[in-house]
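Quick look at structure-v4.pdb (PDB, C-alpha atoms):
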```
ATOM      1  CA  MET A  23       0.000   0.000   0.000
ATOM      2  CA  ALA A  24       1.909   2.979  -1.281
ATOM      3  CA  GLY A  25       2.467   6.136   0.670
ATOM      4  CA  LEU A  26       1.225   4.790   4.021
ATOM      5  CA  ALA A  27       4.272   3.860   6.078
ATOM      6  CA  LYS A  28       6.681   6.623   6.994
ATOM      7  CA  GLY A  29       9.950   6.376   5.121
ATOM      8  CA  ARG A  30       8.562   4.036   2.468
ATOM      9  CA  PRO A  31       8.996   5.312  -1.088
ATOM     10  CA  VAL A  32       5.802   6.223  -2.882
ATOM     11  CA  LYS A  33       5.320   3.680  -5.669
ATOM     12  CA  VAL A  34       2.091   4.935  -7.211
ATOM     13  CA  THR A  35       2.660   7.284 -10.143
ATOM     14  CA  VAL A  36      -0.541   6.931 -12.170
ATOM     15  CA  MET A  37      -3.837   7.220 -10.340
ATOM     16  CA  LYS A  38      -6.940   5.429 -11.506
ATOM     17  CA  LYS A  39      -9.701   7.781 -12.644
ATOM     18  CA  LEU A  40     -12.946   7.924 -10.678
ATOM     19  CA  VAL A  41     -15.491   7.035 -13.362
ATOM     20  CA  ASP A  42     -18.774   6.760 -11.492
ATOM     21  CA  ILE A  43     -20.439   6.568  -8.095
ATOM     22  CA  LEU A  44     -22.916   3.707  -7.881
ATOM     23  CA  ARG A  45     -25.881   4.208  -5.577
ATOM     24  CA  PRO A  46     -28.599   1.795  -4.394
ATOM     25  CA  HIS A  47     -31.329   0.882  -6.875
ATOM     26  CA  GLY A  48     -33.859   0.748  -4.024
ATOM     27  CA  ASN A  49     -34.614  -1.526  -1.111
ATOM     28  CA  HIS A  50     -36.077  -5.010  -1.147
ATOM     29  CA  TRP A  51     -36.250  -8.085   1.047
ATOM     30  CA  VAL A  52     -34.554 -11.380   0.280
ATOM     31  CA  GLY A  53     -36.818 -13.834   2.032
ATOM     32  CA  ASP A  54     -37.887 -12.399   5.375
ATOM     33  CA  GLY A  55     -34.404 -12.090   6.878
ATOM     34  CA  PHE A  56     -32.352  -9.827   4.657
ATOM     35  CA  PRO A  57     -33.357  -6.195   4.006
ATOM     36  CA  VAL A  58     -31.150  -5.449   1.001
ATOM     37  CA  ARG A  59     -29.918  -2.482  -0.980
ATOM     38  CA  SER A  60     -28.586  -3.515  -4.391
ATOM     39  CA  LEU A  61     -25.670  -1.360  -5.569
ATOM     40  CA  PHE A  62     -25.030  -3.108  -8.880
ATOM     41  CA  SER A  63     -26.145  -6.202 -10.753
ATOM     42  CA  TYR A  64     -25.610  -8.114 -13.984
ATOM     43  CA  GLN A  65     -28.564  -6.241 -15.478
ATOM     44  CA  GLY A  66     -26.276  -3.229 -16.018
ATOM     45  CA  ASP A  67     -22.938  -2.681 -17.764
ATOM     46  CA  THR A  68     -21.265  -6.001 -17.008
ATOM     47  CA  ASP A  69     -18.023  -5.038 -18.777
ATOM     48  CA  ALA A  70     -17.533  -2.193 -16.288
ATOM     49  CA  ILE A  71     -17.860  -4.392 -13.194
ATOM     50  CA  SER A  72     -16.436  -7.720 -14.455
ATOM     51  CA  PRO A  73     -15.595 -10.150 -12.889
ATOM     52  CA  PHE A  74     -18.193  -9.044 -10.336
ATOM     53  CA  LEU A  75     -21.897  -9.488 -11.016
ATOM     54  CA  LEU A  76     -23.963  -8.269  -8.076
ATOM     55  CA  PHE A  77     -23.508  -6.388  -4.816
ATOM     56  CA  ASP A  78     -26.215  -6.563  -2.140
ATOM     57  CA  TYR A  79     -25.796  -4.714   1.154
ATOM     58  CA  ALA A  80     -28.092  -6.088   3.858
ATOM     59  CA  GLY A  81     -28.633  -3.646   6.711
ATOM     60  CA  PRO A  82     -27.585  -2.030   8.845
ATOM     61  CA  GLY A  83     -30.701  -2.955  10.734
ATOM     62  CA  ASN A  84     -31.925  -4.361  13.999
ATOM     63  CA  PHE A  85     -34.009  -7.487  14.548
ATOM     64  CA  GLU A  86     -36.164  -8.115  17.591
ATOM     65  CA  PRO A  87     -35.801 -11.458  19.393
ATOM     66  CA  ASN A  88     -37.706 -14.186  17.585
ATOM     67  CA  ASP A  89     -38.966 -17.416  19.189
ATOM     68  CA  GLY A  90     -40.378 -18.732  15.925
ATOM     69  CA  PRO A  91     -38.581 -20.189  12.911
ATOM     70  CA  PRO A  92     -35.408 -18.264  12.006
ATOM     71  CA  ARG A  93     -35.854 -15.580   9.380
ATOM     72  CA  GLY A  94     -34.095 -15.992   6.051
ATOM     73  CA  VAL A  95     -34.472 -17.457   2.591
ATOM     74  CA  GLY A  96     -35.229 -21.108   1.861
ATOM     75  CA  GLN A  97     -33.784 -23.420  -0.751
ATOM     76  CA  HIS A  98     -32.871 -21.740  -4.028
ATOM     77  CA  PRO A  99     -30.536 -22.706  -6.900
ATOM     78  CA  HIS A 100     -27.382 -21.105  -8.325
ATOM     79  CA  ARG A 101     -25.311 -21.905 -11.414
ATOM     80  CA  GLY A 102     -22.389 -20.281 -13.221
ATOM     81  CA  PHE A 103     -20.828 -18.059 -10.547
ATOM     82  CA  GLU A 104     -19.733 -17.733  -6.912
ATOM     83  CA  THR A 105     -21.444 -16.112  -3.942
ATOM     84  CA  VAL A 106     -19.332 -14.364  -1.298
ATOM     85  CA  THR A 107     -21.102 -13.561   1.968
ATOM     86  CA  ILE A 108     -19.342 -11.282   4.466
ATOM     87  CA  VAL A 109     -20.987 -10.870   7.869
ATOM     88  CA  ASN A 110     -20.374  -7.645   9.763
ATOM     89  CA  ASP A 111     -23.032  -7.922  12.498
ATOM     90  CA  GLY A 112     -25.291 -10.828  13.430
ATOM     91  CA  GLU A 113     -25.017 -14.464  12.393
ATOM     92  CA  VAL A 114     -26.058 -16.393   9.284
ATOM     93  CA  SER A 115     -26.537 -20.171   9.122
ATOM     94  CA  HIS A 116     -26.354 -21.860   5.748
ATOM     95  CA  ALA A 117     -26.810 -25.272   4.178
ATOM     96  CA  ASP A 118     -26.434 -26.572   0.629
ATOM     97  CA  SER A 119     -27.285 -29.602  -1.475
ATOM     98  CA  LEU A 120     -23.760 -31.017  -1.110
ATOM     99  CA  GLY A 121     -24.322 -31.405   2.615
ATOM    100  CA  ASN A 122     -22.229 -28.392   3.659
ATOM    101  CA  SER A 123     -23.629 -26.383   6.552
ATOM    102  CA  GLY A 124     -22.424 -23.982   9.198
ATOM    103  CA  THR A 125     -22.784 -20.590  10.808
ATOM    104  CA  ILE A 126     -20.779 -17.456  10.100
ATOM    105  CA  GLY A 127     -20.597 -14.465  12.408
ATOM    106  CA  PRO A 128     -18.931 -11.046  12.496
ATOM    107  CA  GLY A 129     -15.775 -11.018  10.380
ATOM    108  CA  ASP A 130     -16.405 -14.431   8.828
ATOM    109  CA  VAL A 131     -16.801 -15.123   5.105
ATOM    110  CA  GLN A 132     -18.671 -17.820   3.201
ATOM    111  CA  TRP A 133     -17.237 -18.275  -0.308
ATOM    112  CA  MET A 134     -19.468 -20.661  -2.246
ATOM    113  CA  THR A 135     -18.662 -21.766  -5.796
ATOM    114  CA  ALA A 136     -22.008 -22.724  -7.309
ATOM    115  CA  ALA A 137     -20.380 -23.512 -10.703
ATOM    116  CA  GLY A 138     -22.316 -26.383 -12.350
ATOM    117  CA  GLY A 139     -25.206 -26.076  -9.939
ATOM    118  CA  ILE A 140     -26.055 -26.106  -6.262
ATOM    119  CA  ILE A 141     -29.130 -25.583  -4.082
ATOM    120  CA  HIS A 142     -28.630 -23.330  -1.107
ATOM    121  CA  GLU A 143     -30.449 -21.803   1.869
ATOM    122  CA  GLU A 144     -29.546 -19.031   4.325
ATOM    123  CA  PHE A 145     -31.193 -18.110   7.624
ATOM    124  CA  HIS A 146     -30.408 -16.144  10.747
ATOM    125  CA  SER A 147     -28.695 -18.486  13.186
ATOM    126  CA  LYS A 148     -30.856 -19.927  15.965
ATOM    127  CA  GLY A 149     -28.799 -18.030  18.537
ATOM    128  CA  PHE A 150     -29.132 -14.699  16.751
ATOM    129  CA  SER A 151     -32.851 -15.323  16.216
ATOM    130  CA  ARG A 152     -33.361 -15.804  19.967
ATOM    131  CA  SER A 153     -31.272 -12.804  21.012
ATOM    132  CA  GLY A 154     -31.980 -10.381  18.168
ATOM    133  CA  GLY A 155     -29.741  -7.385  17.666
ATOM    134  CA  PRO A 156     -27.895  -5.469  14.955
ATOM    135  CA  PHE A 157     -27.535  -7.121  11.568
ATOM    136  CA  ARG A 158     -25.328  -6.172   8.625
ATOM    137  CA  MET A 159     -23.753  -8.180   5.806
ATOM    138  CA  VAL A 160     -22.641  -8.021   2.172
ATOM    139  CA  GLN A 161     -23.291 -10.594  -0.515
ATOM    140  CA  LEU A 162     -21.158 -10.304  -3.628
ATOM    141  CA  TRP A 163     -21.583 -12.422  -6.755
ATOM    142  CA  VAL A 164     -18.391 -13.227  -8.667
ATOM    143  CA  ASN A 165     -18.509 -14.467 -12.256
ATOM    144  CA  LEU A 166     -16.728 -17.584 -13.495
ATOM    145  CA  PRO A 167     -15.039 -17.881 -16.887
ATOM    146  CA  ALA A 168     -16.879 -20.082 -19.394
ATOM    147  CA  LYS A 169     -14.409 -22.947 -18.954
ATOM    148  CA  ASP A 170     -15.208 -23.144 -15.227
ATOM    149  CA  LYS A 171     -18.956 -22.499 -15.167
ATOM    150  CA  MET A 172     -19.812 -26.209 -15.168
ATOM    151  CA  SER A 173     -17.022 -27.294 -12.812
ATOM    152  CA  ALA A 174     -17.796 -29.054  -9.538
ATOM    153  CA  PRO A 175     -19.330 -26.882  -6.810
ATOM    154  CA  LYS A 176     -17.234 -26.260  -3.730
ATOM    155  CA  TYR A 177     -17.298 -24.282  -0.523
ATOM    156  CA  GLN A 178     -14.673 -22.257   1.348
ATOM    157  CA  ALA A 179     -15.333 -21.555   5.033
ATOM    158  CA  ILE A 180     -13.194 -18.545   5.936
ATOM    159  CA  THR A 181     -13.302 -17.510   9.584
ATOM    160  CA  SER A 182     -12.182 -14.134  10.856
ATOM    161  CA  ALA A 183      -9.123 -15.823  12.364
ATOM    162  CA  ASP A 184      -8.127 -17.058   8.886
ATOM    163  CA  ILE A 185      -8.012 -13.537   7.430
ATOM    164  CA  PRO A 186      -4.663 -11.711   7.732
ATOM    165  CA  THR A 187      -4.538  -8.006   8.495
ATOM    166  CA  VAL A 188      -2.192  -5.402   7.041
ATOM    167  CA  ALA A 189      -1.913  -2.399   9.353
ATOM    168  CA  PHE A 190      -0.940   1.032   8.073
ATOM    169  CA  GLU A 191      -0.964   4.603   9.266
ATOM    170  CA  GLY A 192      -4.626   5.592   9.552
ATOM    171  CA  GLY A 193      -6.211   2.141   9.455
ATOM    172  CA  GLU A 194      -5.928  -1.488   8.439
ATOM    173  CA  ALA A 195      -7.009  -3.914   5.731
ATOM    174  CA  ARG A 196      -8.216  -7.489   6.202
ATOM    175  CA  LEU A 197      -7.264  -9.479   3.111
ATOM    176  CA  ILE A 198     -10.056 -11.882   2.160
ATOM    177  CA  ALA A 199      -8.637 -12.499  -1.322
ATOM    178  CA  GLY A 200      -5.676 -11.251  -3.320
ATOM    179  CA  GLU A 201      -2.447  -9.660  -2.136
ATOM    180  CA  LEU A 202      -1.306  -6.469  -0.435
ATOM    181  CA  ASP A 203       2.205  -5.592   0.748
ATOM    182  CA  GLY A 204       3.340  -9.187   0.305
ATOM    183  CA  VAL A 205       0.463 -10.599   2.382
ATOM    184  CA  THR A 206      -2.027 -12.934   0.679
ATOM    185  CA  GLY A 207      -5.660 -13.563   1.572
ATOM    186  CA  PRO A 208      -6.968 -17.122   2.097
ATOM    187  CA  ALA A 209      -9.689 -17.258  -0.582
ATOM    188  CA  SER A 210      -8.974 -19.313  -3.689
ATOM    189  CA  THR A 211     -10.241 -17.600  -6.846
ATOM    190  CA  PHE A 212     -10.622 -18.662 -10.491
ATOM    191  CA  THR A 213      -9.406 -15.329 -11.892
ATOM    192  CA  PRO A 214      -7.193 -12.643 -10.279
ATOM    193  CA  ILE A 215      -9.260 -10.837  -7.624
ATOM    194  CA  ASN A 216      -8.548  -8.611  -4.638
ATOM    195  CA  LEU A 217     -11.151  -8.350  -1.877
ATOM    196  CA  TRP A 218     -10.115  -6.267   1.122
ATOM    197  CA  ASP A 219     -12.144  -5.283   4.191
ATOM    198  CA  VAL A 220     -10.657  -1.876   5.058
ATOM    199  CA  ARG A 221     -11.066   0.263   8.175
ATOM    200  CA  LEU A 222      -9.983   3.922   8.109
ATOM    201  CA  ASP A 223      -9.669   6.334  11.007
ATOM    202  CA  ALA A 224     -11.224   9.776  10.760
ATOM    203  CA  ASP A 225      -9.074  12.164   8.687
ATOM    204  CA  ALA A 226      -6.842   9.364   7.389
ATOM    205  CA  GLU A 227      -5.475   9.981   3.901
ATOM    206  CA  VAL A 228      -4.306   6.836   2.139
ATOM    207  CA  THR A 229      -3.325   5.695  -1.324
ATOM    208  CA  LEU A 230      -4.541   2.214  -2.133
ATOM    209  CA  ASP A 231      -2.493   0.130  -4.575
ATOM    210  CA  LEU A 232      -4.943  -1.181  -7.187
ATOM    211  CA  PRO A 233      -3.640  -3.308 -10.064
ATOM    212  CA  GLU A 234      -3.250  -1.936 -13.569
ATOM    213  CA  GLY A 235      -5.839  -3.459 -15.904
ATOM    214  CA  HIS A 236      -8.237  -4.458 -13.141
ATOM    215  CA  ASN A 237     -11.760  -3.156 -12.812
ATOM    216  CA  ALA A 238     -11.703  -1.567  -9.367
ATOM    217  CA  MET A 239     -14.429  -0.452  -6.965
ATOM    218  CA  ILE A 240     -14.491   0.829  -3.400
ATOM    219  CA  ALA A 241     -17.716   0.401  -1.451
ATOM    220  CA  ALA A 242     -18.367   2.621   1.567
ATOM    221  CA  LEU A 243     -20.173   0.456   4.109
ATOM    222  CA  THR A 244     -20.104   2.841   7.070
ATOM    223  CA  GLY A 245     -18.990   6.454   7.341
ATOM    224  CA  HIS A 246     -18.012   8.437   4.277
ATOM    225  CA  VAL A 247     -14.878   9.183   2.309
ATOM    226  CA  THR A 248     -13.739  11.679  -0.311
ATOM    227  CA  ILE A 249     -12.221  10.483  -3.593
ATOM    228  CA  ASP A 250     -11.195  12.900  -6.350
ATOM    229  CA  GLY A 251     -13.113  15.629  -4.559
ATOM    230  CA  GLN A 252     -16.339  13.621  -4.541
ATOM    231  CA  ARG A 253     -18.009  12.312  -1.421
ATOM    232  CA  VAL A 254     -18.798   8.609  -1.267
ATOM    233  CA  GLY A 255     -21.178   7.811   1.588
ATOM    234  CA  GLU A 256     -22.753   4.751   3.173
ATOM    235  CA  ALA A 257     -24.006   2.168   0.657
ATOM    236  CA  GLU A 258     -22.296   3.855  -2.288
ATOM    237  CA  ILE A 259     -19.533   2.505  -4.532
ATOM    238  CA  ALA A 260     -16.753   4.429  -6.273
ATOM    239  CA  ARG A 261     -15.932   2.802  -9.618
ATOM    240  CA  PHE A 262     -12.555   3.438 -11.251
ATOM    241  CA  SER A 263     -10.943   3.138 -14.660
ATOM    242  CA  THR A 264      -8.902   0.035 -15.483
ATOM    243  CA  ASP A 265      -5.808   2.119 -16.273
ATOM    244  CA  GLY A 266      -3.703   3.380 -13.384
ATOM    245  CA  THR A 267      -2.331   1.752 -10.263
ATOM    246  CA  GLY A 268      -3.758   3.570  -7.284
ATOM    247  CA  ALA A 269      -6.621   5.490  -5.657
ATOM    248  CA  ALA A 270      -6.306   8.276  -3.086
ATOM    249  CA  VAL A 271      -8.929   8.128  -0.338
ATOM    250  CA  ARG A 272      -9.601  10.540   2.511
ATOM    251  CA  ALA A 273     -11.771   9.369   5.406
ATOM    252  CA  ASP A 274     -14.087  12.185   6.491
ATOM    253  CA  GLY A 275     -14.942  10.163   9.608
ATOM    254  CA  ASP A 276     -14.314   6.655  10.902
ATOM    255  CA  SER A 277     -15.173   4.496   7.903
ATOM    256  CA  THR A 278     -15.286   0.902   6.734
ATOM    257  CA  LEU A 279     -14.787   0.065   3.076
ATOM    258  CA  LEU A 280     -14.841  -2.998   0.877
ATOM    259  CA  VAL A 281     -12.201  -2.793  -1.853
ATOM    260  CA  MET A 282     -12.864  -4.968  -4.919
ATOM    261  CA  THR A 283     -10.579  -5.348  -7.918
ATOM    262  CA  GLY A 284     -10.556  -8.007 -10.595
ATOM    263  CA  GLU A 285      -9.163  -8.887 -13.972
ATOM    264  CA  PRO A 286     -12.102  -8.519 -16.394
ATOM    265  CA  ILE A 287     -13.546 -11.668 -17.952
ATOM    266  CA  ASP A 288     -14.001 -10.785 -21.610
ATOM    267  CA  GLU A 289     -16.986 -13.047 -22.285
ATOM    268  CA  PRO A 290     -20.748 -12.583 -22.758
ATOM    269  CA  VAL A 291     -22.855 -12.398 -19.610
ATOM    270  CA  VAL A 292     -26.409 -13.733 -19.790
ATOM    271  CA  GLY A 293     -28.269 -13.899 -16.506
ATOM    272  CA  HIS A 294     -31.707 -15.025 -15.418
ATOM    273  CA  GLY A 295     -32.436 -14.874 -11.699
ATOM    274  CA  PRO A 296     -29.980 -17.194  -9.913
ATOM    275  CA  PHE A 297     -28.316 -18.413 -13.119
ATOM    276  CA  VAL A 298     -25.490 -16.556 -14.903
ATOM    277  CA  MET A 299     -24.111 -18.138 -18.056
ATOM    278  CA  ASN A 300     -22.782 -17.073 -21.474
ATOM    279  CA  SER A 301     -25.842 -17.663 -23.688
ATOM    280  CA  GLU A 302     -29.617 -17.907 -23.635
ATOM    281  CA  ALA A 303     -29.322 -21.587 -24.550
ATOM    282  CA  GLU A 304     -27.217 -22.239 -21.433
ATOM    283  CA  ILE A 305     -29.812 -20.444 -19.309
ATOM    284  CA  ARG A 306     -32.556 -22.679 -20.721
ATOM    285  CA  THR A 307     -30.405 -25.713 -19.942
ATOM    286  CA  ALA A 308     -29.849 -24.475 -16.366
ATOM    287  CA  ILE A 309     -33.593 -24.110 -15.813
ATOM    288  CA  SER A 310     -34.253 -27.536 -17.338
ATOM    289  CA  ASP A 311     -31.504 -29.181 -15.266
ATOM    290  CA  PHE A 312     -32.800 -27.622 -12.051
ATOM    291  CA  ASN A 313     -36.375 -28.699 -12.761
ATOM    292  CA  ALA A 314     -35.083 -32.217 -13.502
ATOM    293  CA  GLY A 315     -33.260 -32.419 -10.158
ATOM    294  CA  LYS A 316     -29.808 -32.490 -11.745
ATOM    295  CA  PHE A 317     -28.124 -29.935  -9.464
ATOM    296  CA  ALA A 318     -25.485 -31.056  -6.974
ATOM    297  CA  ARG A 319     -26.587 -33.615  -4.418
ATOM    298  CA  PRO A 320     -24.654 -35.248  -1.557
ATOM    299  CA  ALA A 321     -22.723 -38.372  -2.514
ATOM    300  CA  ALA A 322     -24.642 -41.578  -1.769
TER
END
```
Could you spell out this file's structure in structure tokens?
Amino acid sequence: MAGLAKGRPVKVTVMKKLVDILRPHGNHWVGDGFPVRSLFSYQGDTDAISPFLLFDYAGPGNFEPNDGPPRGVGQHPHRGFETVTIVNDGEVSHADSLGNSGTIGPGDVQWMTAAGGIIHEEFHSKGFSRSGGPFRMVQLWVNLPAKDKMSAPKYQAITSADIPTVAFEGGEARLIAGELDGVTGPASTFTPINLWDVRLDADAEVTLDLPEGHNAMIAALTGHVTIDGQRVGEAEIARFSTDGTGAAVRADGDSTLLVMTGEPIDEPVVGHGPFVMNSEAEIRTAISDFNAGKFARPAA
């Protein structure tokens, strides 16, 4: 991370250009457990956000204690991409058609590769349902290249303890995926991706190293920052040009950010609900396969 540590030479010479600020499309519920603001999706300019497909920010909100069934969303299919769930507050329990299940809490990440097809469900954990409290999480969809879309589904359970932290003057970055200052995040990815959970102190001024040629975005989750003279507030995303190798960020108050960069996948994107493929024919096949019960099932 250039320009952060005293005495370290500044490496960044060409700054990425701030191209756009993405704002929520409106609010909606996913099931009865996730009040979501969508900041981008595959219905827009997919070239500009590739390899990412969708960004949903659930919360911040507060749930009352619940003695009934946990709130959430029941079984639903995915094919052709990965879902990345990052919990900030609260707890989410999940299960899938391969037999994977578990609970993730603050700081934990669930990285699920749906690939050739999986059926999945997500609910508030039983403990969180009973206690209630603040709830906040991000779900990010990551595209797969055509050659990997029908690969075997898999699941990466990444706990907070698994995620290394790079400290710098004015804040710190937790590295979920990718590399920063010689430190590498634990997530395995199909294409080059950086995903950093960044905390900035009020008045911090930092320059983030962002790879040349990557699509790059910085989401403000709490607080607000200034980039290129423009304010980026809660539930807004700064989107940058692919050219350049850095972004200067000033924290106007204590802030948390999610930094996303990725090498673009130069392939068609055709999506329909929970399926993202490369052609309409592949979407029809996905629907047919799901209806025929051909999505991943536990081994006999």
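Considering the residues A:Asn110, A:Asn165, A:Thr278, A:Ser123 and counting all atoms listed in the file, Ala137 of chain A has its shortest atom-to-atom contact with A:Asn165.
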* Run through the PyMOL selection byres ((chain A and resi 294) around 12) on the given coordinates and return the selected residues as a ChimeraX atom specification. => /A:63-65,99-102,291-293,295-309
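Picture a line from atom CA of Glu194 of chain A to atom CA of Leu217 of chain A; it runs 13.4 Å.
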* Determine, counting only C-alpha atoms, which protein, DNA and RNA residues have an atom within 8 Å of an atom of Asp54 of chain A; residues of the same chain fewer than 3 positions away are not included. Present the result as a PyMOL selection string. => chain A and resi 51+57+93-95
Could you give me, as a PDB file with C-alpha atoms, in the coordinates of the input, the residues within 6 Å of segment 182-186 of chain A, counting all atoms listed in the file and dropping anything in the same chain fewer than 5 positions from it?
```pdb
ATOM      1  CA  GLY A 129     -15.775 -11.018  10.380  1.00  0.00           C
ATOM      2  CA  ASP A 130     -16.405 -14.431   8.828  1.00  0.00           C
ATOM      3  CA  ARG A 196      -8.216  -7.489   6.202  1.00  0.00           C
ATOM      4  CA  LEU A 197      -7.264  -9.479   3.111  1.00  0.00           C
ATOM      5  CA  ILE A 198     -10.056 -11.882   2.160  1.00  0.00           C
TER       6      ILE A 198
END
```
* Find the residues near Pro73 of chain A: any atom within 6 Å, counting all atoms listed in the file, skip ones fewer than 4 places away on the same chain, and give them as a VMD selection string. => chain A and resid 164 to 165 284 286 to 287
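Atom pair atom CA of Ala269 of chain A / atom CA of Glu256 of chain A has a distance of 18.4 Å (rounded to one decimal).
Taking atom CA of Asp274 of chain A and atom CA of Val160 of chain A as the two end points, the separation is 22.4 Å.
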* Would you kindly identify which residues have an atom no farther than 7 Å from (-19.7, 4.2, 4.4), using only C-alpha atoms and the file's own coordinates, and write them out as a VMD selection string? => chain A and resid 242 to 246 255 to 257 277 to 279
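With only C-alpha atoms as the atoms that count, the minimum distance from Met37 of chain A to the choices A:Arg59, A:Met239, A:Asp265, A:Phe150 is reached by A:Asp265.
When the distance limit is 8 Å and only C-alpha atoms are what count, the residues near Pro167 of chain A, minus those fewer than 2 positions from it on the same chain, are Asn165, Lys169, Asp170, Lys171, Phe212, Thr213, Ile287 and Glu289 of chain A.
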Please save C-alpha atoms of the selected residues as a tab-separated table (two decimals), keeping the file's coordinate frame.
```tsv
chain	number	residue	atom	x	y	z
A	165	ASN	CA	-18.51	-14.47	-12.26
A	169	LYS	CA	-14.41	-22.95	-18.95
A	170	ASP	CA	-15.21	-23.14	-15.23
A	171	LYS	CA	-18.96	-22.50	-15.17
A	212	PHE	CA	-10.62	-18.66	-10.49
A	213	THR	CA	-9.41	-15.33	-11.89
A	287	ILE	CA	-13.55	-11.67	-17.95
A	289	GLU	CA	-16.99	-13.05	-22.28
```
* Asked: Which one is closest to Thr248 of chain A: A:Leu280, A:Leu40, A:Leu162, A:Ile108? Count all atoms listed in the file.
  -> A:Leu40
Give me the residues of segment 229-294 of chain A that have any atom at most 10 Å from an atom of segment 43-50 of chain A; for each, the nearest atom pair and the distance in Å, rounded to one decimal. Use only C-alpha atoms, sort by chain and number, and format it as a Markdown table.
```
| residue | atom | partner | partner_atom | distance |
| --- | --- | --- | --- | --- |
| A:Met239 | CA | A:Ile43 | CA | 9.3 |
| A:Ile240 | CA | A:Ile43 | CA | 9.5 |
| A:Ala241 | CA | A:Leu44 | CA | 8.9 |
| A:Gln252 | CA | A:Ile43 | CA | 8.9 |
| A:Arg253 | CA | A:Ile43 | CA | 9.1 |
| A:Val254 | CA | A:Ile43 | CA | 7.3 |
| A:Gly255 | CA | A:Arg45 | CA | 9.3 |
| A:Glu256 | CA | A:Arg45 | CA | 9.3 |
| A:Ala257 | CA | A:Arg45 | CA | 6.8 |
| A:Glu258 | CA | A:Arg45 | CA | 4.9 |
| A:Ile259 | CA | A:Leu44 | CA | 4.9 |
| A:Ala260 | CA | A:Ile43 | CA | 4.6 |
| A:Arg261 | CA | A:Ile43 | CA | 6.1 |
| A:Phe262 | CA | A:Ile43 | CA | 9.1 |
```
Selected residues written out, C-alpha atoms, as a short mmCIF file (atom, residue, chain, number, x, y, z; two decimals), in the frame of the given file:
```cif
data_model
loop_
_atom_site.label_atom_id
_atom_site.label_comp_id
_atom_site.auth_asym_id
_atom_site.auth_seq_id
_atom_site.Cartn_x
_atom_site.Cartn_y
_atom_site.Cartn_z
CA MET A 239 -14.43 -0.45 -6.96
CA ILE A 240 -14.49 0.83 -3.40
CA ALA A 241 -17.72 0.40 -1.45
CA GLN A 252 -16.34 13.62 -4.54
CA ARG A 253 -18.01 12.31 -1.42
CA VAL A 254 -18.80 8.61 -1.27
CA GLY A 255 -21.18 7.81 1.59
CA GLU A 256 -22.75 4.75 3.17
CA ALA A 257 -24.01 2.17 0.66
CA GLU A 258 -22.30 3.86 -2.29
CA ILE A 259 -19.53 2.50 -4.53
CA ALA A 260 -16.75 4.43 -6.27
CA ARG A 261 -15.93 2.80 -9.62
CA PHE A 262 -12.56 3.44 -11.25
#
```
Hey, could you pull the box centre and edge lengths for segment 105-116 of chain A, axis-aligned, 3 Å padding per side, all listed atoms, to one decimal in Å, as lines of an AutoDock Vina configuration file?
```
center_x = -22.9
center_y = -14.8
center_z = 4.7
size_x = 13.2
size_y = 20.2
size_z = 23.4
```
